[in-house]
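File shown: start-v6.cif. Contents: mmCIF, N, CA and C atoms.
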```
data_coords
#
loop_
_atom_site.label_atom_id
_atom_site.label_comp_id
_atom_site.auth_asym_id
_atom_site.auth_seq_id
_atom_site.Cartn_x
_atom_site.Cartn_y
_atom_site.Cartn_z
N MET I 1007 26.88 -92.15 178.81
CA MET I 1007 25.87 -93.09 179.23
C MET I 1007 24.50 -92.45 179.05
N SER I 1008 23.64 -93.10 178.27
CA SER I 1008 22.32 -92.55 178.03
C SER I 1008 21.30 -93.25 178.92
N VAL I 1009 20.36 -92.47 179.39
CA VAL I 1009 19.31 -93.00 180.24
C VAL I 1009 18.01 -92.99 179.44
N ALA I 1010 17.39 -94.15 179.34
CA ALA I 1010 16.14 -94.24 178.59
C ALA I 1010 15.02 -93.63 179.42
N THR I 1011 14.25 -92.78 178.79
CA THR I 1011 13.11 -92.19 179.49
C THR I 1011 11.88 -93.00 179.15
N GLU I 1012 11.17 -93.41 180.18
CA GLU I 1012 9.98 -94.22 179.98
C GLU I 1012 8.76 -93.38 180.32
N THR I 1013 7.82 -93.34 179.42
CA THR I 1013 6.60 -92.58 179.64
C THR I 1013 5.57 -93.47 180.30
N ASN I 1014 5.04 -93.01 181.41
CA ASN I 1014 3.91 -93.69 182.03
C ASN I 1014 2.66 -92.90 181.70
N PHE I 1015 1.69 -93.57 181.15
CA PHE I 1015 0.45 -92.94 180.75
C PHE I 1015 -0.56 -93.02 181.88
N GLY I 1016 -1.53 -92.14 181.86
CA GLY I 1016 -2.61 -92.13 182.83
C GLY I 1016 -3.90 -91.82 182.11
N VAL I 1017 -4.91 -91.47 182.88
CA VAL I 1017 -6.20 -91.12 182.29
C VAL I 1017 -6.02 -89.90 181.40
N GLY I 1018 -6.54 -89.96 180.18
CA GLY I 1018 -6.40 -88.83 179.26
C GLY I 1018 -6.56 -89.24 177.81
N TYR I 1019 -6.26 -88.28 176.94
CA TYR I 1019 -6.40 -88.48 175.49
C TYR I 1019 -5.01 -88.65 174.87
N TYR I 1020 -4.87 -89.63 173.99
CA TYR I 1020 -3.60 -89.93 173.34
C TYR I 1020 -3.85 -90.30 171.89
N TRP I 1021 -2.81 -90.78 171.23
CA TRP I 1021 -2.88 -91.28 169.85
C TRP I 1021 -2.25 -92.65 169.83
N THR I 1022 -2.67 -93.48 168.90
CA THR I 1022 -2.01 -94.78 168.71
C THR I 1022 -0.84 -94.60 167.75
N ALA I 1023 -0.01 -95.60 167.66
CA ALA I 1023 1.13 -95.56 166.73
C ALA I 1023 0.65 -95.41 165.30
N GLU I 1024 -0.58 -95.86 165.01
CA GLU I 1024 -1.15 -95.77 163.67
C GLU I 1024 -1.83 -94.42 163.42
N GLY I 1025 -1.90 -93.58 164.45
CA GLY I 1025 -2.47 -92.25 164.28
C GLY I 1025 -3.95 -92.14 164.61
N LEU I 1026 -4.51 -93.14 165.29
CA LEU I 1026 -5.91 -93.10 165.69
C LEU I 1026 -6.04 -92.49 167.08
N GLN I 1027 -7.17 -91.87 167.36
CA GLN I 1027 -7.43 -91.26 168.65
C GLN I 1027 -7.64 -92.36 169.69
N ALA I 1028 -7.00 -92.21 170.87
CA ALA I 1028 -7.15 -93.18 171.95
C ALA I 1028 -7.50 -92.42 173.23
N VAL I 1029 -8.34 -93.04 174.06
CA VAL I 1029 -8.74 -92.45 175.33
C VAL I 1029 -8.49 -93.48 176.42
N VAL I 1030 -7.76 -93.08 177.46
CA VAL I 1030 -7.59 -93.93 178.63
C VAL I 1030 -8.62 -93.44 179.65
N ASP I 1031 -9.56 -94.31 180.00
CA ASP I 1031 -10.64 -93.95 180.91
C ASP I 1031 -10.32 -94.26 182.36
N ALA I 1032 -9.46 -95.28 182.60
CA ALA I 1032 -9.17 -95.68 183.98
C ALA I 1032 -7.84 -96.42 184.04
N VAL I 1033 -7.26 -96.43 185.24
CA VAL I 1033 -6.06 -97.22 185.52
C VAL I 1033 -6.46 -98.20 186.62
N SER I 1034 -6.30 -99.49 186.34
CA SER I 1034 -6.73 -100.50 187.29
C SER I 1034 -5.80 -101.70 187.26
N ASP I 1035 -5.32 -102.10 188.43
CA ASP I 1035 -4.46 -103.28 188.56
C ASP I 1035 -3.27 -103.26 187.60
N GLY I 1036 -2.63 -102.12 187.44
CA GLY I 1036 -1.46 -102.01 186.59
C GLY I 1036 -1.75 -101.99 185.10
N LEU I 1037 -3.00 -101.79 184.73
CA LEU I 1037 -3.38 -101.72 183.32
C LEU I 1037 -4.11 -100.42 183.04
N LEU I 1038 -3.95 -99.95 181.82
CA LEU I 1038 -4.71 -98.81 181.34
C LEU I 1038 -5.95 -99.37 180.64
N VAL I 1039 -7.11 -98.89 181.00
CA VAL I 1039 -8.36 -99.35 180.42
C VAL I 1039 -8.92 -98.20 179.59
N GLY I 1040 -9.17 -98.45 178.32
CA GLY I 1040 -9.64 -97.36 177.48
C GLY I 1040 -10.25 -97.83 176.19
N ARG I 1041 -10.14 -96.96 175.19
CA ARG I 1041 -10.78 -97.24 173.91
C ARG I 1041 -10.05 -96.51 172.80
N ILE I 1042 -10.21 -97.03 171.59
CA ILE I 1042 -9.61 -96.44 170.40
C ILE I 1042 -10.74 -96.10 169.43
N ASN I 1043 -10.67 -94.92 168.86
CA ASN I 1043 -11.63 -94.51 167.84
C ASN I 1043 -11.14 -95.05 166.50
N LEU I 1044 -11.84 -96.04 165.96
CA LEU I 1044 -11.43 -96.66 164.69
C LEU I 1044 -11.76 -95.79 163.49
N GLN I 1045 -12.49 -94.71 163.70
CA GLN I 1045 -12.84 -93.76 162.64
C GLN I 1045 -11.66 -92.79 162.46
N GLU I 1046 -10.97 -92.86 161.34
CA GLU I 1046 -9.81 -91.99 161.11
C GLU I 1046 -10.20 -90.53 160.95
N ASP I 1047 -11.36 -90.27 160.37
CA ASP I 1047 -11.83 -88.91 160.16
C ASP I 1047 -12.55 -88.45 161.42
N LEU I 1048 -11.90 -87.54 162.17
CA LEU I 1048 -12.44 -87.11 163.46
C LEU I 1048 -13.69 -86.24 163.33
N THR I 1049 -14.04 -85.82 162.11
CA THR I 1049 -15.26 -85.03 161.92
C THR I 1049 -16.50 -85.93 161.82
N LYS I 1050 -16.29 -87.23 161.65
CA LYS I 1050 -17.41 -88.18 161.55
C LYS I 1050 -17.70 -88.79 162.92
N THR I 1051 -18.82 -89.48 163.02
CA THR I 1051 -19.22 -90.13 164.27
C THR I 1051 -18.16 -91.16 164.66
N PRO I 1052 -17.67 -91.12 165.92
CA PRO I 1052 -16.63 -92.07 166.33
C PRO I 1052 -17.14 -93.51 166.40
N HIS I 1053 -16.22 -94.43 166.19
CA HIS I 1053 -16.49 -95.86 166.30
C HIS I 1053 -15.49 -96.40 167.32
N TRP I 1054 -15.92 -96.52 168.58
CA TRP I 1054 -15.01 -96.88 169.67
C TRP I 1054 -14.85 -98.38 169.81
N CYS I 1055 -13.64 -98.79 170.16
CA CYS I 1055 -13.32 -100.19 170.41
C CYS I 1055 -12.53 -100.25 171.72
N ALA I 1056 -12.97 -101.09 172.66
CA ALA I 1056 -12.32 -101.19 173.98
C ALA I 1056 -10.92 -101.78 173.84
N LYS I 1057 -9.96 -101.25 174.63
CA LYS I 1057 -8.57 -101.72 174.60
C LYS I 1057 -7.96 -101.69 175.99
N PHE I 1058 -6.88 -102.46 176.17
CA PHE I 1058 -6.09 -102.47 177.40
C PHE I 1058 -4.63 -102.27 177.04
N TRP I 1059 -3.90 -101.51 177.87
CA TRP I 1059 -2.47 -101.29 177.69
C TRP I 1059 -1.76 -101.45 179.02
N THR I 1060 -0.46 -101.71 178.98
CA THR I 1060 0.35 -101.66 180.19
C THR I 1060 0.56 -100.18 180.52
N LEU I 1061 1.10 -99.87 181.69
CA LEU I 1061 1.27 -98.48 182.12
C LEU I 1061 2.18 -97.67 181.21
N ASP I 1062 3.08 -98.34 180.48
CA ASP I 1062 3.97 -97.62 179.57
C ASP I 1062 3.38 -97.52 178.16
N GLY I 1063 2.10 -97.89 177.98
CA GLY I 1063 1.42 -97.73 176.70
C GLY I 1063 1.61 -98.87 175.73
N LYS I 1064 2.25 -99.95 176.16
CA LYS I 1064 2.46 -101.10 175.28
C LYS I 1064 1.16 -101.89 175.13
N CYS I 1065 1.08 -102.64 174.06
CA CYS I 1065 -0.12 -103.41 173.75
C CYS I 1065 -0.30 -104.57 174.72
N GLN I 1066 -1.54 -104.92 174.92
CA GLN I 1066 -1.88 -106.00 175.83
C GLN I 1066 -2.85 -106.95 175.16
N TRP I 1067 -2.66 -108.24 175.33
CA TRP I 1067 -3.58 -109.30 174.88
C TRP I 1067 -3.94 -109.27 173.41
N GLY I 1068 -2.99 -109.55 172.57
CA GLY I 1068 -3.26 -109.74 171.16
C GLY I 1068 -3.40 -108.48 170.33
N MET I 1069 -3.15 -107.33 170.92
CA MET I 1069 -3.22 -106.10 170.14
C MET I 1069 -1.93 -105.95 169.35
N GLY I 1070 -2.01 -105.36 168.17
CA GLY I 1070 -0.83 -105.15 167.35
C GLY I 1070 -0.05 -103.92 167.80
N LYS I 1071 1.19 -103.81 167.35
CA LYS I 1071 2.02 -102.66 167.69
C LYS I 1071 1.41 -101.34 167.23
N GLN I 1072 0.55 -101.39 166.21
CA GLN I 1072 -0.08 -100.17 165.72
C GLN I 1072 -1.01 -99.56 166.76
N ASP I 1073 -1.40 -100.33 167.79
CA ASP I 1073 -2.30 -99.84 168.83
C ASP I 1073 -1.58 -99.29 170.06
N GLU I 1074 -0.22 -99.30 170.06
CA GLU I 1074 0.52 -98.75 171.19
C GLU I 1074 0.26 -97.25 171.31
N LEU I 1075 0.29 -96.75 172.54
CA LEU I 1075 -0.02 -95.34 172.79
C LEU I 1075 1.15 -94.42 172.49
N ARG I 1076 0.84 -93.24 172.01
CA ARG I 1076 1.80 -92.17 171.73
C ARG I 1076 1.24 -90.87 172.29
N VAL I 1077 2.13 -89.96 172.64
CA VAL I 1077 1.69 -88.66 173.15
C VAL I 1077 1.32 -87.75 171.99
N GLU I 1078 2.09 -87.83 170.89
CA GLU I 1078 1.85 -86.97 169.74
C GLU I 1078 1.23 -87.77 168.60
N ARG I 1079 0.41 -87.10 167.84
CA ARG I 1079 -0.23 -87.74 166.69
C ARG I 1079 0.71 -87.68 165.49
N ARG I 1080 0.82 -88.79 164.81
CA ARG I 1080 1.57 -88.84 163.56
C ARG I 1080 0.58 -88.67 162.42
N GLN I 1081 0.88 -87.77 161.51
CA GLN I 1081 -0.02 -87.52 160.40
C GLN I 1081 0.15 -88.60 159.33
N ARG I 1082 -0.96 -89.25 159.02
CA ARG I 1082 -0.94 -90.35 158.05
C ARG I 1082 -1.24 -89.83 156.66
N ILE I 1083 -0.53 -90.39 155.68
CA ILE I 1083 -0.77 -90.08 154.28
C ILE I 1083 -1.25 -91.37 153.62
N LYS I 1084 -2.46 -91.32 153.10
CA LYS I 1084 -3.03 -92.49 152.44
C LYS I 1084 -3.64 -92.00 151.13
N LYS I 1085 -2.90 -92.14 150.03
CA LYS I 1085 -3.34 -91.63 148.73
C LYS I 1085 -2.95 -92.60 147.62
N SER I 1086 -3.58 -92.39 146.49
CA SER I 1086 -3.22 -93.13 145.28
C SER I 1086 -2.84 -92.15 144.19
N PHE I 1087 -1.84 -92.51 143.42
CA PHE I 1087 -1.40 -91.71 142.29
C PHE I 1087 -1.32 -92.63 141.08
N TRP I 1088 -1.22 -92.02 139.90
CA TRP I 1088 -1.06 -92.78 138.66
C TRP I 1088 0.17 -92.27 137.93
N VAL I 1089 0.89 -93.19 137.31
CA VAL I 1089 2.08 -92.82 136.54
C VAL I 1089 2.08 -93.63 135.23
N ASN I 1090 2.41 -92.94 134.14
CA ASN I 1090 2.58 -93.59 132.86
C ASN I 1090 4.03 -94.06 132.73
N VAL I 1091 4.21 -95.21 132.12
CA VAL I 1091 5.55 -95.73 131.89
C VAL I 1091 5.80 -95.71 130.39
N TYR I 1092 6.89 -95.02 130.00
CA TYR I 1092 7.27 -94.87 128.59
C TYR I 1092 8.56 -95.65 128.33
N PRO I 1093 8.92 -95.87 127.07
CA PRO I 1093 10.19 -96.56 126.78
C PRO I 1093 11.39 -95.86 127.42
N SER I 1094 11.32 -94.53 127.57
CA SER I 1094 12.45 -93.79 128.16
C SER I 1094 12.38 -93.72 129.69
N GLY I 1095 11.27 -94.18 130.29
CA GLY I 1095 11.14 -94.16 131.75
C GLY I 1095 9.75 -93.70 132.18
N PRO I 1096 9.59 -93.52 133.49
CA PRO I 1096 8.27 -93.13 133.99
C PRO I 1096 7.96 -91.66 133.76
N GLY I 1097 6.68 -91.34 133.66
CA GLY I 1097 6.24 -89.95 133.56
C GLY I 1097 6.06 -89.36 134.95
N GLN I 1098 5.30 -88.30 135.05
CA GLN I 1098 5.07 -87.65 136.34
C GLN I 1098 3.92 -88.34 137.08
N LEU I 1099 3.95 -88.25 138.41
CA LEU I 1099 2.83 -88.76 139.21
C LEU I 1099 1.62 -87.87 138.97
N ARG I 1100 0.49 -88.49 138.73
CA ARG I 1100 -0.76 -87.75 138.50
C ARG I 1100 -1.76 -88.17 139.57
N LYS I 1101 -2.65 -87.25 139.95
CA LYS I 1101 -3.57 -87.55 141.06
C LYS I 1101 -4.69 -88.50 140.69
N ASP I 1102 -4.99 -88.66 139.41
CA ASP I 1102 -6.01 -89.64 139.04
C ASP I 1102 -5.71 -90.23 137.65
N TRP I 1103 -6.44 -91.27 137.31
CA TRP I 1103 -6.22 -92.02 136.07
C TRP I 1103 -6.44 -91.13 134.85
N GLU I 1104 -7.44 -90.24 134.93
CA GLU I 1104 -7.76 -89.38 133.79
C GLU I 1104 -6.62 -88.41 133.48
N GLU I 1105 -5.99 -87.86 134.52
CA GLU I 1105 -4.84 -86.96 134.30
C GLU I 1105 -3.69 -87.70 133.64
N ALA I 1106 -3.47 -88.94 134.04
CA ALA I 1106 -2.41 -89.75 133.42
C ALA I 1106 -2.74 -90.04 131.96
N LEU I 1107 -4.01 -90.25 131.68
CA LEU I 1107 -4.46 -90.49 130.31
C LEU I 1107 -4.22 -89.26 129.43
N VAL I 1108 -4.54 -88.07 129.96
CA VAL I 1108 -4.32 -86.82 129.22
C VAL I 1108 -2.82 -86.63 128.95
N GLU I 1109 -1.98 -86.91 129.97
CA GLU I 1109 -0.53 -86.79 129.77
C GLU I 1109 -0.07 -87.71 128.65
N ALA I 1110 -0.56 -88.94 128.63
CA ALA I 1110 -0.16 -89.92 127.61
C ALA I 1110 -0.59 -89.48 126.22
N SER I 1111 -1.75 -88.83 126.13
CA SER I 1111 -2.23 -88.39 124.81
C SER I 1111 -1.41 -87.22 124.26
N ARG I 1112 -0.76 -86.47 125.13
CA ARG I 1112 0.04 -85.32 124.71
C ARG I 1112 1.51 -85.65 124.48
N CYS I 1113 1.91 -86.84 124.87
CA CYS I 1113 3.32 -87.23 124.76
C CYS I 1113 3.59 -87.84 123.38
N GLU I 1114 4.77 -87.57 122.85
CA GLU I 1114 5.14 -88.12 121.54
C GLU I 1114 5.50 -89.59 121.62
N GLU I 1115 5.98 -90.03 122.78
CA GLU I 1115 6.34 -91.44 122.97
C GLU I 1115 5.09 -92.27 123.23
N PRO I 1116 5.09 -93.53 122.83
CA PRO I 1116 3.95 -94.38 123.16
C PRO I 1116 3.99 -94.77 124.65
N CYS I 1117 2.85 -94.79 125.26
CA CYS I 1117 2.74 -95.18 126.68
C CYS I 1117 2.70 -96.72 126.74
N LEU I 1118 3.64 -97.31 127.48
CA LEU I 1118 3.68 -98.77 127.59
C LEU I 1118 2.61 -99.28 128.55
N CYS I 1119 2.42 -98.56 129.67
CA CYS I 1119 1.39 -98.94 130.63
C CYS I 1119 1.14 -97.79 131.59
N ARG I 1120 0.08 -97.91 132.35
CA ARG I 1120 -0.30 -96.92 133.36
C ARG I 1120 -0.40 -97.67 134.68
N VAL I 1121 0.31 -97.20 135.70
CA VAL I 1121 0.41 -97.94 136.96
C VAL I 1121 -0.13 -97.09 138.11
N GLU I 1122 -0.92 -97.72 138.98
CA GLU I 1122 -1.39 -97.05 140.19
C GLU I 1122 -0.33 -97.20 141.29
N VAL I 1123 0.02 -96.10 141.94
CA VAL I 1123 1.01 -96.09 143.02
C VAL I 1123 0.26 -95.73 144.30
N LYS I 1124 0.17 -96.68 145.24
CA LYS I 1124 -0.53 -96.44 146.50
C LYS I 1124 0.46 -96.06 147.59
N VAL I 1125 0.18 -94.96 148.28
CA VAL I 1125 1.03 -94.49 149.36
C VAL I 1125 0.25 -94.63 150.67
N ASP I 1126 0.82 -95.37 151.61
CA ASP I 1126 0.24 -95.52 152.95
C ASP I 1126 1.39 -95.38 153.91
N ALA I 1127 1.63 -94.16 154.38
CA ALA I 1127 2.79 -93.87 155.22
C ALA I 1127 2.47 -92.73 156.18
N PHE I 1128 3.43 -92.37 157.00
CA PHE I 1128 3.30 -91.24 157.90
C PHE I 1128 4.27 -90.14 157.48
N VAL I 1129 3.91 -88.89 157.75
CA VAL I 1129 4.76 -87.76 157.40
C VAL I 1129 6.14 -87.96 158.02
N GLY I 1130 7.18 -87.79 157.21
CA GLY I 1130 8.55 -87.92 157.68
C GLY I 1130 9.14 -89.31 157.53
N GLU I 1131 8.30 -90.33 157.30
CA GLU I 1131 8.79 -91.69 157.13
C GLU I 1131 9.62 -91.78 155.85
N GLY I 1132 10.79 -92.32 155.92
CA GLY I 1132 11.62 -92.49 154.74
C GLY I 1132 12.49 -91.29 154.42
N LEU I 1133 12.38 -90.22 155.21
CA LEU I 1133 13.19 -89.03 154.95
C LEU I 1133 14.47 -89.01 155.77
N LYS I 1134 14.73 -90.07 156.51
CA LYS I 1134 15.92 -90.12 157.37
C LYS I 1134 17.15 -90.44 156.58
#
```
Since I need it in another form, could you write the structure as structure tokens?
Amino acid sequence: MSVATETNFGVGYYWTAEGLQAVVDAVSDGLLVGRINLQEDLTKTPHWCAKFWTLDGKCQWGMGKQDELRVERRQRIKKSFWVNVYPSGPGQLRKDWEEALVEASRCEEPCLCRVEVKVDAFVGEGLK
């Protein structure tokens, strides 16, 4: 028999499910009152947005699941890569369009197309 552990949050610093910094400033009438820093880069000036959560960190009043509170920060990966597609299959992922172009110029096969691959995920996602 497994017992579910429920985390109750209080005043303090947390992270959202999307990996943004969250601050709970007060607990009032069974709600957490705080704010989320919409600026992903913590070295830049913060852009705060007021938010409310239930005591277990769940979203309140129209907030998406991405705004739920977490104790640990999930590292987000948001990058673009380029890949050439040849008659025999795809080439290697390249960090920019120019690198993919250089690869295509050195290959004996004709390049059918060049495709941008956008990655927007969290570390560990998809490795299960």
Report as a PDB file with N, CA and C atoms, in the frame of the given file all protein, DNA and RNA residues lying within 8 Å of Leu1075 in chain I, evaluated on only C-alpha atoms, omitting residues in the same chain fewer than 4 positions from it.
```pdb
ATOM      1  N   TYR I1020      -4.870 -89.630 173.990  1.00  0.00           N
ATOM      2  CA  TYR I1020      -3.600 -89.930 173.340  1.00  0.00           C
ATOM      3  C   TYR I1020      -3.850 -90.300 171.890  1.00  0.00           C
ATOM      4  N   TRP I1021      -2.810 -90.780 171.230  1.00  0.00           N
ATOM      5  CA  TRP I1021      -2.880 -91.280 169.850  1.00  0.00           C
ATOM      6  C   TRP I1021      -2.250 -92.650 169.830  1.00  0.00           C
ATOM      7  N   THR I1022      -2.670 -93.480 168.900  1.00  0.00           N
ATOM      8  CA  THR I1022      -2.010 -94.780 168.710  1.00  0.00           C
ATOM      9  C   THR I1022      -0.840 -94.600 167.750  1.00  0.00           C
ATOM     10  N   ALA I1023      -0.010 -95.600 167.660  1.00  0.00           N
ATOM     11  CA  ALA I1023       1.130 -95.560 166.730  1.00  0.00           C
ATOM     12  C   ALA I1023       0.650 -95.410 165.300  1.00  0.00           C
ATOM     13  N   ALA I1028      -7.000 -92.210 170.870  1.00  0.00           N
ATOM     14  CA  ALA I1028      -7.150 -93.180 171.950  1.00  0.00           C
ATOM     15  C   ALA I1028      -7.500 -92.420 173.230  1.00  0.00           C
ATOM     16  N   GLY I1063       2.100 -97.890 177.980  1.00  0.00           N
ATOM     17  CA  GLY I1063       1.420 -97.730 176.700  1.00  0.00           C
ATOM     18  C   GLY I1063       1.610 -98.870 175.730  1.00  0.00           C
ATOM     19  N   LYS I1064       2.250 -99.950 176.160  1.00  0.00           N
ATOM     20  CA  LYS I1064       2.460-101.100 175.280  1.00  0.00           C
ATOM     21  C   LYS I1064       1.160-101.890 175.130  1.00  0.00           C
TER      22      LYS I1064
END
```
message = Could you tell me, as an MDAnalysis selection string, exactly which residues end up selected when the PyMOL selection byres ((chain I and resi 1118) around 6.5) is applied to this structure?
response = chainID I and resid 1090:1093 1116:1117 1119:1120
So that I can check the surroundings of His1053 in chain I, please list as a short mmCIF file (atom, residue, chain, number, x, y, z; two decimals) with N, CA and C atoms, keeping the file's coordinate frame every protein, DNA and RNA residue that reaches within 8 Å of it, counting only C-alpha atoms and ignoring chain neighbours fewer than 3 positions away.
```cif
data_model
loop_
_atom_site.label_atom_id
_atom_site.label_comp_id
_atom_site.auth_asym_id
_atom_site.auth_seq_id
_atom_site.Cartn_x
_atom_site.Cartn_y
_atom_site.Cartn_z
N ASN I 1043 -10.67 -94.92 168.86
CA ASN I 1043 -11.63 -94.51 167.84
C ASN I 1043 -11.14 -95.05 166.50
N LEU I 1044 -11.84 -96.04 165.96
CA LEU I 1044 -11.43 -96.66 164.69
C LEU I 1044 -11.76 -95.79 163.49
N GLN I 1045 -12.49 -94.71 163.70
CA GLN I 1045 -12.84 -93.76 162.64
C GLN I 1045 -11.66 -92.79 162.46
#
```
task = Could you state which residues are captured by the PyMOL selection byres (((chain I and resi 1085 and name CA) around 10) and name CA) in this file, as JSON, numbers by chain?
result = {"I": [1082, 1083, 1084, 1086, 1087, 1101, 1123, 1124, 1125, 1126, 1127]}
query = With only N, CA and C atoms as the atoms that count, which of I:Phe1015, I:Cys1065, I:Cys1055, I:Gln1098 lies nearest to Arg1041 in chain I?
reply =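 Using only N, CA and C atoms, the shortest distance to Arg1041 in chain I belongs to I:Cys1055.
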task = Any chance you could list, as a count of residues only, the residues in chain I that come up strand (DSSP E or B) when DSSP is run on the backbone?
result = 54
query = Which is closer to Val1089 in chain I than all the others in I:Phe1058, I:Glu1114, I:Glu1074, I:Glu1122, using all atoms listed in the file?
reply =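 Nearest to Val1089 in chain I: I:Glu1122.
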key: Separation of atom C of Gly1018 in chain I from atom N of Lys1050 in chain I in Å   = 19.0 Å
note = From the list I:Glu1078, I:Glu1115, I:Glu1104, I:Asp1073, the nearest residue to Trp1059 in chain I using all atoms listed in the file is I:Asp1073
task = Find, counting all atoms listed in the file, the residue in I:Val1017, I:Val1077, I:Leu1026, I:Cys1113 that gets nearest to Val1039 in chain I.
result = I:Val1017
ask   = What are the DSSP helix (DSSP H, G or I) residues of chain I, as a list of chain:residue names?
value =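 After running DSSP on the backbone, chain I has helix (DSSP H, G or I) at I:Lys1071, I:Gln1072, I:Asp1073, I:Trp1103, I:Glu1104, I:Glu1105, I:Ala1106, I:Leu1107, I:Val1108, I:Glu1109, I:Ala1110, I:Ser1111, I:Arg1112.
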